[in-house]
Amino acid sequence: MQLPIFPLNTLVFPGGVLALRIFETRYLDMVRDCARDNTEFVITLATDRHAAGSPYAKTATAVRIVDWDTLPDGLLGVTVEGMRRVSIADVEMKAEQLLKADVETIAEDKDIPLDETFKAWADLIKSVLTHLGEPYNQLEFQLDSANWVASRMTEVLPLELSVKQKILEINHPAVRLEHLREALKDIEYYKKRAKFINKEQ
C-alpha cells in the first residue's frame, strides 16, 4: 500500500491522538484528499537531514483524520488518531513535492494486563491526559492495558525523541514498559546532577 508521508518533530502511537497545524500547500492538499477519501497518511519522525542515513524514521504510524477546524490564526487544525504501526520503504517525491512510500503493517505482539508495579503510571497518565484537555480527554482510557499505558506515557512525557522512537519500534508491551522505566531513571539522574551542579556554582 502506498501512502503519503508526513515527517514531523513528534510522533504518535496507535491508539493515540495528535493535534496538527497545517499550513504548507502540499500538506493541505494531502489532508483534503485523505479527508475526502477517508484514507490514511503516515506520521514519521524527522531525523537529522545532515546525518548519514534516512531523513526520517522507517518505523512510523499510519493515522486517520478524526476532526478538523479553522484555528484562530487562520490555519487548518487537524486531529488525527494513530491506527497502526507501519514500516516505510521505497519513498519517492511526487510532482506536488509530497513524499509517498510503500508501507507495510507491523504485526503487534499480544497485549498484556498492566503489572501491579506500573499501576501508579495508570493513575498518572489518566490525570495528565484529563488535565491536557482536547483532544486527549476524548480518548477511551484503557488503564489495565500495558500497551496503552506505555504508549500514552511515551507520547506525553518530555523524553528525547530518539527514546520515543526506540519505544515505538519495540513490539512487546512489557519490554516497552521496561525501556520507558529506564528512560525515566535517566531523566531523574540528570535532574539530580543539574541540581548538584547548580549548588556547586
# chains A, B, ... in the order shown; residues from 1 in each chain; ligands from 1
call {"tool": "residues_around", "arguments": {"residues": "A:Ala46", "least_positions_apart": "3", "cutoff": "10 Å", "atoms": "only C-alpha atoms", "output": "list in words"}}
result
Phe6, Pro7, Leu8, Asn9, Thr10, Leu11, Ile43, Arg49, Ser54, Pro55, Tyr56, Ala57, Lys58 and Leu161 of chain A
call {"tool": "closest_atom_pairs", "arguments": {"of": "stretch 73-110 of chain A", "to": "stretch 169-183 of chain A", "cutoff": "8 Å", "atoms": "only C-alpha atoms", "output": "JSON lines"}}
result
{"residue": "A:Glu108", "atom": "CA", "partner": "A:Asn171", "partner_atom": "CA", "distance": 6.0}
{"residue": "A:Asp109", "atom": "CA", "partner": "A:His172", "partner_atom": "CA", "distance": 5.4}
{"residue": "A:Lys110", "atom": "CA", "partner": "A:His172", "partner_atom": "CA", "distance": 7.5}
call {"tool": "write_last_selection", "arguments": {"atoms": "N, CA and C atoms", "output": "compact mmCIF listing (two decimals), in the first residue's frame"}}
result
# COMPACT_ATOMS: atom_id res chain seq x y z
N GLU A 108 1.60 -6.57 15.71
CA GLU A 108 1.74 -6.24 17.13
C GLU A 108 1.77 -7.52 17.97
N ASP A 109 2.62 -7.53 18.99
CA ASP A 109 2.57 -8.61 19.96
C ASP A 109 1.27 -8.50 20.77
N LYS A 110 0.82 -9.60 21.30
CA LYS A 110 -0.42 -9.60 22.08
C LYS A 110 -0.27 -8.72 23.30
call {"tool": "closest_residue", "arguments": {"among": "A:Leu71, A:Met153, A:Leu28, A:Ala19", "to": "A:Glu96", "atoms": "only C-alpha atoms"}}
result
A:Leu28
call {"tool": "select_by_dssp", "arguments": {"residues": "stretch 75-160 of chain A", "states": "alpha helix (DSSP H)", "output": "MDAnalysis selection string"}}
result
chainID A and resid 119:132 146:156
call {"tool": "write_last_selection", "arguments": {"atoms": "C-alpha atoms", "output": "mmCIF file, in the first residue's frame"}}
result
data_model
loop_
_atom_site.group_PDB
_atom_site.id
_atom_site.type_symbol
_atom_site.label_atom_id
_atom_site.label_comp_id
_atom_site.auth_asym_id
_atom_site.auth_seq_id
_atom_site.Cartn_x
_atom_site.Cartn_y
_atom_site.Cartn_z
ATOM 1 C CA LYS A 119 -0.346 0.851 38.438
ATOM 2 C CA ALA A 120 0.826 4.277 39.590
ATOM 3 C CA TRP A 121 1.601 5.074 35.956
ATOM 4 C CA ALA A 122 -2.013 4.359 35.020
ATOM 5 C CA ASP A 123 -3.227 6.880 37.618
ATOM 6 C CA LEU A 124 -0.634 9.385 36.444
ATOM 7 C CA ILE A 125 -1.462 9.156 32.743
ATOM 8 C CA LYS A 126 -5.186 9.428 33.461
ATOM 9 C CA SER A 127 -4.569 12.630 35.425
ATOM 10 C CA VAL A 128 -2.210 14.089 32.804
ATOM 11 C CA LEU A 129 -4.471 13.390 29.827
ATOM 12 C CA THR A 130 -7.508 14.764 31.642
ATOM 13 C CA HIS A 131 -5.562 17.921 32.524
ATOM 14 C CA LEU A 132 -4.343 18.388 28.948
ATOM 15 C CA ALA A 146 0.206 -2.459 29.334
ATOM 16 C CA ASN A 147 0.427 -1.388 25.706
ATOM 17 C CA TRP A 148 -1.980 1.535 26.102
ATOM 18 C CA VAL A 149 -0.311 2.912 29.235
ATOM 19 C CA ALA A 150 3.196 2.558 27.785
ATOM 20 C CA SER A 151 2.130 4.276 24.563
ATOM 21 C CA ARG A 152 0.379 7.200 26.218
ATOM 22 C CA MET A 153 3.216 7.727 28.714
ATOM 23 C CA THR A 154 5.760 7.792 25.900
ATOM 24 C CA GLU A 155 3.696 10.283 23.892
ATOM 25 C CA VAL A 156 3.293 12.875 26.648
#
call {"tool": "residues_around", "arguments": {"residues": "A:Tyr27", "least_positions_apart": "3", "cutoff": "12 Å", "atoms": "only C-alpha atoms", "output": "ChimeraX atom specification"}}
result
/A:4-8,20-24,30-35,41-43,75-78,96-100
call {"tool": "residues_around", "arguments": {"residues": "A:Ser87", "least_positions_apart": "3", "cutoff": "7 Å", "atoms": "only C-alpha atoms", "output": "list in words"}}
result
Lys58, Thr59, Ala60, Val103, Glu104, Thr105 and Ile106 of chain A
call {"tool": "write_last_selection", "arguments": {"atoms": "C-alpha atoms", "output": "compact mmCIF listing (two decimals), in the first residue's frame"}}
result
# COMPACT_ATOMS: atom_id res chain seq x y z
CA LYS A 58 11.46 3.89 8.89
CA THR A 59 9.10 2.72 11.66
CA ALA A 60 6.12 5.07 11.86
CA VAL A 103 4.13 0.88 3.74
CA GLU A 104 3.59 -2.44 5.43
CA THR A 105 1.74 -3.02 8.69
CA ILE A 106 3.93 -4.18 11.58
call {"tool": "select_by_dssp", "arguments": {"residues": "stretch 55-85 of chain A", "states": "strand (DSSP E or B)", "output": "list in words"}}
result
Tyr56, Thr59, Ala60, Thr61, Ala62, Val63, Arg64, Ile65, Val66, Asp67, Trp68, Asp69, Thr70, Leu76, Gly77, Val78, Thr79, Val80, Glu81, Gly82, Met83, Arg84 and Arg85 of chain A
call {"tool": "closest_residue", "arguments": {"among": "A:Thr25, A:Thr44, A:Thr39, A:Ser145", "to": "A:Lys164", "atoms": "only C-alpha atoms"}}
result
A:Thr44
call {"tool": "atom_distance", "arguments": {"atom1": "atom CA of A:Asp186", "atom2": "atom CA of A:Gly16"}}
result
24.7 Å
call {"tool": "atom_distance", "arguments": {"atom1": "atom CA of A:Val12", "atom2": "atom CA of A:Glu81"}}
result
8.2 Å
call {"tool": "closest_residue", "arguments": {"among": "A:Asn137, A:Thr117, A:Asn38, A:Thr70", "to": "A:Val17", "atoms": "only C-alpha atoms"}}
result
A:Asn137
call {"tool": "closest_residue", "arguments": {"among": "A:Ala101, A:Met83, A:Ile65, A:Met1", "to": "A:Phe13", "atoms": "only C-alpha atoms"}}
result
A:Met83
call {"tool": "decode", "arguments": {"residues": "stretch 94-130 of chain A", "atoms": "N, CA and C atoms", "output": "CSV table (one decimal), in the first residue's frame"}}
result
chain,number,residue,atom,x,y,z
A,94,LYS,N,6.8,13.0,-5.1
A,94,LYS,CA,5.8,13.3,-6.2
A,94,LYS,C,5.9,14.7,-6.7
A,95,ALA,N,5.2,14.9,-7.8
A,95,ALA,CA,5.3,16.2,-8.5
A,95,ALA,C,4.9,17.3,-7.6
A,96,GLU,N,3.9,17.1,-6.7
A,96,GLU,CA,3.4,18.1,-5.8
A,96,GLU,C,4.3,18.3,-4.6
A,97,GLN,N,5.5,17.7,-4.6
A,97,GLN,CA,6.5,17.8,-3.5
A,97,GLN,C,6.0,17.1,-2.3
A,98,LEU,N,5.2,16.1,-2.5
A,98,LEU,CA,4.7,15.3,-1.3
A,98,LEU,C,5.4,13.9,-1.4
A,99,LEU,N,6.0,13.5,-0.2
A,99,LEU,CA,6.6,12.2,-0.2
A,99,LEU,C,5.5,11.1,-0.1
A,100,LYS,N,5.7,10.0,-0.9
A,100,LYS,CA,4.8,8.9,-0.8
A,100,LYS,C,5.7,7.6,-0.7
A,101,ALA,N,5.2,6.6,0.0
A,101,ALA,CA,6.0,5.4,0.2
A,101,ALA,C,5.2,4.2,0.3
A,102,ASP,N,5.8,3.1,0.0
A,102,ASP,CA,5.2,1.8,0.2
A,102,ASP,C,5.2,1.5,1.7
A,103,VAL,N,4.1,1.2,2.3
A,103,VAL,CA,4.1,0.9,3.7
A,103,VAL,C,3.6,-0.5,4.0
A,104,GLU,N,4.1,-1.1,5.0
A,104,GLU,CA,3.6,-2.4,5.4
A,104,GLU,C,3.3,-2.4,6.9
A,105,THR,N,2.1,-3.0,7.3
A,105,THR,CA,1.7,-3.0,8.7
A,105,THR,C,2.7,-3.9,9.5
A,106,ILE,N,3.1,-3.4,10.7
A,106,ILE,CA,3.9,-4.2,11.6
A,106,ILE,C,3.0,-4.9,12.5
A,107,ALA,N,3.2,-6.2,12.6
A,107,ALA,CA,2.4,-7.0,13.5
A,107,ALA,C,2.6,-6.7,14.9
A,108,GLU,N,1.6,-6.6,15.7
A,108,GLU,CA,1.7,-6.2,17.1
A,108,GLU,C,1.8,-7.5,18.0
A,109,ASP,N,2.6,-7.5,19.0
A,109,ASP,CA,2.6,-8.6,20.0
A,109,ASP,C,1.3,-8.5,20.8
A,110,LYS,N,0.8,-9.6,21.3
A,110,LYS,CA,-0.4,-9.6,22.1
A,110,LYS,C,-0.3,-8.7,23.3
A,111,ASP,N,-1.3,-7.9,23.5
A,111,ASP,CA,-1.3,-7.0,24.7
A,111,ASP,C,-1.4,-7.9,26.0
A,112,ILE,N,-0.9,-7.3,27.1
A,112,ILE,CA,-1.0,-8.0,28.4
A,112,ILE,C,-1.5,-7.0,29.4
A,113,PRO,N,-2.1,-7.5,30.5
A,113,PRO,CA,-2.6,-6.7,31.6
A,113,PRO,C,-1.4,-5.9,32.2
A,114,LEU,N,-1.7,-4.7,32.7
A,114,LEU,CA,-0.7,-3.8,33.3
A,114,LEU,C,-0.3,-4.5,34.6
A,115,ASP,N,1.0,-4.6,34.8
A,115,ASP,CA,1.6,-5.2,36.0
A,115,ASP,C,1.3,-4.3,37.2
A,116,GLU,N,1.2,-4.8,38.4
A,116,GLU,CA,0.9,-4.0,39.6
A,116,GLU,C,2.0,-3.0,39.8
A,117,THR,N,3.2,-3.3,39.4
A,117,THR,CA,4.3,-2.3,39.7
A,117,THR,C,4.2,-1.1,38.8
A,118,PHE,N,3.3,-1.1,37.8
A,118,PHE,CA,3.1,0.1,37.0
A,118,PHE,C,1.7,0.7,37.2
A,119,LYS,N,1.0,0.3,38.2
A,119,LYS,CA,-0.3,0.9,38.4
A,119,LYS,C,-0.3,2.4,38.7
A,120,ALA,N,0.7,2.8,39.3
A,120,ALA,CA,0.8,4.3,39.6
A,120,ALA,C,0.9,5.0,38.3
A,121,TRP,N,1.5,4.4,37.3
A,121,TRP,CA,1.6,5.1,36.0
A,121,TRP,C,0.2,5.3,35.3
A,122,ALA,N,-0.7,4.3,35.6
A,122,ALA,CA,-2.0,4.4,35.0
A,122,ALA,C,-2.7,5.6,35.6
A,123,ASP,N,-2.6,5.7,36.9
A,123,ASP,CA,-3.2,6.9,37.6
A,123,ASP,C,-2.6,8.2,37.1
A,124,LEU,N,-1.3,8.2,36.9
A,124,LEU,CA,-0.6,9.4,36.4
A,124,LEU,C,-1.1,9.8,35.0
A,125,ILE,N,-1.1,8.8,34.1
A,125,ILE,CA,-1.5,9.2,32.7
A,125,ILE,C,-2.9,9.6,32.6
A,126,LYS,N,-3.8,9.0,33.4
A,126,LYS,CA,-5.2,9.4,33.5
A,126,LYS,C,-5.3,10.9,33.9
A,127,SER,N,-4.6,11.3,34.9
A,127,SER,CA,-4.6,12.6,35.4
A,127,SER,C,-4.0,13.6,34.4
A,128,VAL,N,-2.9,13.2,33.8
A,128,VAL,CA,-2.2,14.1,32.8
A,128,VAL,C,-3.1,14.3,31.6
A,129,LEU,N,-3.7,13.3,31.0
A,129,LEU,CA,-4.5,13.4,29.8
A,129,LEU,C,-5.7,14.2,30.1
A,130,THR,N,-6.3,14.0,31.3
A,130,THR,CA,-7.5,14.8,31.6
A,130,THR,C,-7.2,16.2,31.8
